[in-house]
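Asks: So I've got this file, input.cif, and it contains mmCIF, C-alpha atoms:
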```cif
data_protein
loop_
_atom_site.group_PDB
_atom_site.id
_atom_site.type_symbol
_atom_site.label_atom_id
_atom_site.label_comp_id
_atom_site.auth_asym_id
_atom_site.auth_seq_id
_atom_site.Cartn_x
_atom_site.Cartn_y
_atom_site.Cartn_z
ATOM 1 C CA MET Q 26 104.897 142.501 22.683
ATOM 2 C CA LYS Q 27 107.235 143.480 19.878
ATOM 3 C CA THR Q 28 110.956 144.149 20.300
ATOM 4 C CA LEU Q 29 112.534 146.803 18.094
ATOM 5 C CA THR Q 30 116.265 146.981 17.418
ATOM 6 C CA VAL Q 31 117.727 150.489 17.347
ATOM 7 C CA LYS Q 32 121.293 151.280 16.258
ATOM 8 C CA SER Q 33 122.700 154.604 17.372
ATOM 9 C CA ARG Q 34 125.585 156.336 15.632
ATOM 10 C CA LYS Q 35 126.523 158.961 18.235
ATOM 11 C CA ALA Q 36 127.138 159.242 21.970
ATOM 12 C CA THR Q 37 123.883 161.177 22.388
ATOM 13 C CA GLU Q 38 121.205 160.744 19.760
ATOM 14 C CA PHE Q 39 117.454 161.213 19.439
ATOM 15 C CA ILE Q 40 116.045 158.559 17.088
ATOM 16 C CA ASP Q 41 112.448 158.922 15.894
ATOM 17 C CA ILE Q 42 110.760 155.515 16.299
ATOM 18 C CA THR Q 43 107.168 156.698 15.801
ATOM 19 C CA ARG Q 44 106.574 154.712 12.604
ATOM 20 C CA GLU Q 45 107.966 151.538 14.167
ATOM 21 C CA VAL Q 46 105.677 151.982 17.192
ATOM 22 C CA GLU Q 47 102.694 152.610 14.891
ATOM 23 C CA GLY Q 48 103.556 149.422 13.017
ATOM 24 C CA ALA Q 49 103.796 147.417 16.243
ATOM 25 C CA VAL Q 50 100.379 148.702 17.326
ATOM 26 C CA ALA Q 51 98.879 147.798 13.943
ATOM 27 C CA GLU Q 52 100.399 144.291 14.158
ATOM 28 C CA SER Q 53 99.001 143.831 17.671
ATOM 29 C CA GLY Q 54 95.413 144.213 16.499
ATOM 30 C CA VAL Q 55 94.605 146.516 19.427
ATOM 31 C CA ARG Q 56 92.010 149.055 18.308
ATOM 32 C CA GLU Q 57 91.334 150.850 21.614
ATOM 33 C CA GLY Q 58 93.724 150.754 24.559
ATOM 34 C CA VAL Q 59 97.236 151.867 25.406
ATOM 35 C CA VAL Q 60 100.723 151.260 24.069
ATOM 36 C CA THR Q 61 103.774 151.296 26.296
ATOM 37 C CA VAL Q 62 107.196 151.963 24.798
ATOM 38 C CA TYR Q 63 110.037 150.837 27.079
ATOM 39 C CA THR Q 64 113.814 150.604 26.832
ATOM 40 C CA PRO Q 65 115.530 148.070 29.122
ATOM 41 C CA HIS Q 66 118.876 149.876 29.135
ATOM 42 C CA THR Q 67 119.989 152.134 32.002
ATOM 43 C CA THR Q 68 121.711 154.625 29.692
ATOM 44 C CA THR Q 69 118.818 155.180 27.272
ATOM 45 C CA ALA Q 70 115.380 156.788 27.506
ATOM 46 C CA ILE Q 71 112.067 157.315 25.728
ATOM 47 C CA LEU Q 72 110.891 160.844 24.952
ATOM 48 C CA ILE Q 73 107.767 162.267 23.333
ATOM 49 C CA ASN Q 74 108.278 165.641 21.701
ATOM 50 C CA GLU Q 75 108.575 167.514 18.417
ATOM 51 C CA ASN Q 76 111.035 166.342 15.759
ATOM 52 C CA ASP Q 77 112.715 169.684 15.221
ATOM 53 C CA PRO Q 78 116.532 169.457 14.892
ATOM 54 C CA ARG Q 79 116.959 172.766 16.738
ATOM 55 C CA LEU Q 80 114.819 171.571 19.640
ATOM 56 C CA LEU Q 81 116.647 168.245 19.807
ATOM 57 C CA SER Q 82 119.934 170.169 19.866
ATOM 58 C CA ASP Q 83 118.529 172.226 22.749
ATOM 59 C CA TYR Q 84 117.709 169.002 24.615
ATOM 60 C CA GLU Q 85 121.264 167.811 24.141
ATOM 61 C CA LYS Q 86 122.640 171.141 25.408
ATOM 62 C CA ILE Q 87 120.405 171.210 28.494
ATOM 63 C CA LEU Q 88 121.319 167.609 29.366
ATOM 64 C CA GLU Q 89 125.013 168.541 29.142
ATOM 65 C CA LYS Q 90 124.403 171.594 31.324
ATOM 66 C CA LEU Q 91 122.348 169.722 33.947
ATOM 67 C CA VAL Q 92 124.470 166.552 34.005
ATOM 68 C CA PRO Q 93 127.904 167.219 32.484
ATOM 69 C CA LYS Q 94 130.088 164.337 31.416
ATOM 70 C CA GLY Q 95 133.097 163.701 33.659
ATOM 71 C CA ALA Q 96 131.924 165.817 36.588
ATOM 72 C CA GLY Q 97 133.477 163.534 39.198
ATOM 73 C CA TYR Q 98 130.572 161.120 39.700
ATOM 74 C CA ALA Q 99 131.238 158.137 41.984
ATOM 75 C CA HIS Q 100 130.281 155.711 39.171
ATOM 76 C CA ASP Q 101 132.754 157.149 36.639
ATOM 77 C CA PRO Q 102 135.899 155.217 37.623
ATOM 78 C CA GLY Q 103 134.197 152.075 36.243
ATOM 79 C CA GLU Q 104 132.836 152.840 32.783
ATOM 80 C CA GLY Q 105 132.924 156.622 32.762
ATOM 81 C CA ASN Q 106 129.229 156.815 31.883
ATOM 82 C CA ALA Q 107 127.569 158.041 35.083
ATOM 83 C CA HIS Q 108 126.290 161.064 33.144
ATOM 84 C CA ALA Q 109 124.346 158.750 30.814
ATOM 85 C CA HIS Q 110 122.718 156.908 33.726
ATOM 86 C CA LEU Q 111 121.736 160.171 35.400
ATOM 87 C CA ARG Q 112 120.394 161.700 32.174
ATOM 88 C CA SER Q 113 118.345 158.551 31.563
ATOM 89 C CA ALA Q 114 116.768 158.894 34.995
ATOM 90 C CA LEU Q 115 115.699 162.467 34.181
ATOM 91 C CA ILE Q 116 113.914 161.497 30.949
ATOM 92 C CA GLY Q 117 112.708 158.023 31.946
ATOM 93 C CA PRO Q 118 112.804 154.576 30.341
ATOM 94 C CA ALA Q 119 109.140 154.357 29.247
ATOM 95 C CA LYS Q 120 106.142 156.260 27.971
ATOM 96 C CA SER Q 121 102.519 155.173 27.597
ATOM 97 C CA VAL Q 122 100.308 156.511 24.820
ATOM 98 C CA PRO Q 123 96.567 156.002 24.294
ATOM 99 C CA VAL Q 124 95.536 153.929 21.274
ATOM 100 C CA SER Q 125 92.381 154.766 19.326
ATOM 101 C CA ALA Q 126 91.208 153.373 15.997
ATOM 102 C CA GLY Q 127 94.305 151.173 15.973
ATOM 103 C CA ARG Q 128 96.819 154.038 16.163
ATOM 104 C CA PRO Q 129 98.762 155.757 18.933
ATOM 105 C CA VAL Q 130 97.091 159.064 19.776
ATOM 106 C CA LEU Q 131 99.767 161.738 19.392
ATOM 107 C CA GLY Q 132 99.497 165.501 19.113
ATOM 108 C CA THR Q 133 100.057 167.223 15.784
ATOM 109 C CA TRP Q 134 103.809 167.623 16.303
ATOM 110 C CA GLN Q 135 104.456 164.806 18.759
ATOM 111 C CA ARG Q 136 106.855 162.000 17.868
ATOM 112 C CA ILE Q 137 108.221 159.107 19.909
ATOM 113 C CA PHE Q 138 111.996 159.108 20.350
ATOM 114 C CA PHE Q 139 114.461 156.527 21.529
ATOM 115 C CA VAL Q 140 117.184 158.531 23.281
ATOM 116 C CA GLU Q 141 120.716 157.135 23.223
ATOM 117 C CA LEU Q 142 122.873 158.561 26.003
ATOM 118 C CA ASP Q 143 125.945 156.270 25.871
ATOM 119 C CA GLY Q 144 126.415 155.324 22.239
ATOM 120 C CA PRO Q 145 127.003 154.328 19.663
ATOM 121 C CA ARG Q 146 125.392 150.975 20.419
ATOM 122 C CA THR Q 147 122.747 148.502 19.307
ATOM 123 C CA ARG Q 148 119.767 148.653 21.667
ATOM 124 C CA ARG Q 149 116.317 147.170 22.214
ATOM 125 C CA VAL Q 150 112.945 148.851 22.652
ATOM 126 C CA MET Q 151 109.884 146.925 23.803
ATOM 127 C CA VAL Q 152 106.487 147.967 22.470
ATOM 128 C CA GLN Q 153 103.376 146.483 24.061
ATOM 129 C CA ALA Q 154 99.822 147.405 23.116
ATOM 130 C CA ILE Q 155 96.959 146.268 25.361
ATOM 131 C CA GLN Q 156 93.211 146.761 25.300
#
```
Would you write out, as structure tokens, the structure that this file holds?

Replies:
Amino acid sequence: MKTLTVKSRKATEFIDITREVEGAVAESGVREGVVTVYTPHTTTAILINENDPRLLSDYEKILEKLVPKGAGYAHDPGEGNAHAHLRSALIGPAKSVPVSAGRPVLGTWQRIFFVELDGPRTRRVMVQAIQ
């Protein structure tokens, strides 16, 4: 397993980690199998989608619409980040991708994103490839 360090710069940010995941798979030596990308933080997520700034902006807008910040959540009196926890639960903390010929199998436009929902912060992402 390889641990990546990701530094976000904004409260909500989609960070393309595809190349780092590809590198971790190459280092693992796994030629055929599966790679799991996982974030151990409850206010982050992993997403697979297209790296189009307009689409990523749409994601941010729909998350704000579905789970607005400061909407009176029971968790907010503590850290004020209930929205980030709830958004994380919608997207999910992990994704698994097939590996073939030593590379993650992604569609033409697919990229792997680390999603920061309570930044800016320094975070970890675990990448594990198995046969």

Asks: Choose the residue, out of Q:Lys90, Q:Arg44, Q:His110, Q:Arg79, that has the smallest atom-to-atom separation from Val140 (chain Q); count all atoms listed in the file.

Replies: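 Of all the options, Q:His110 lies closest to Val140 (chain Q).
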
Asks: Using the chain letters and numbers from this file, what does the PyMOL selection byres ((chain Q and resi 53-69) around 8) select? Give the answer as a ChimeraX atom specification.

Replies: /Q:26,46,49-52,70-71,109-113,118-129,139-143,148-156

Asks: If you take every atom of region 103-121 of chain Q that the file lists and fit an axis-aligned box around them with 5 Å extra on each side, what centre and edge lengths come out in Å to one decimal, as AutoDock Vina command-line options?

Replies:
```
--center_x 118.4 --center_y 157.3 --center_z 31.9 --size_x 41.7 --size_y 20.4 --size_z 18.6
```

Asks: Hey, can you check how far CA of Ser33 (chain Q) sits from CA of Thr147 (chain Q)?

Replies: 6.4 Å

Asks: CA of Ile40 (chain Q) and CA of Phe138 (chain Q), how far apart in Å?

Replies: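 Those two atoms sit 5.2 Å apart.
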
Asks: From the set Q:Ala114, Q:Thr37, Q:Ile42, Q:Ala107, which residue has the shortest atom-to-atom contact distance to Tyr84 (chain Q), counting all atoms listed in the file?

Replies: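 Closest candidate: Q:Thr37.
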
Asks: What is the distance, in Å and to one decimal place, between CA of Asp77 (chain Q) and CA of Gly132 (chain Q)?

Replies: 14.4 Å

Asks: When you look at Lys94 (chain Q) with a cut-off of 10 Å (counting all atoms listed in the file), what residues show up, excluding the ones that are within fewer than 6 positions of it in the same chain? I need them as a ChimeraX atom specification.

Replies: /Q:88,101,105-109
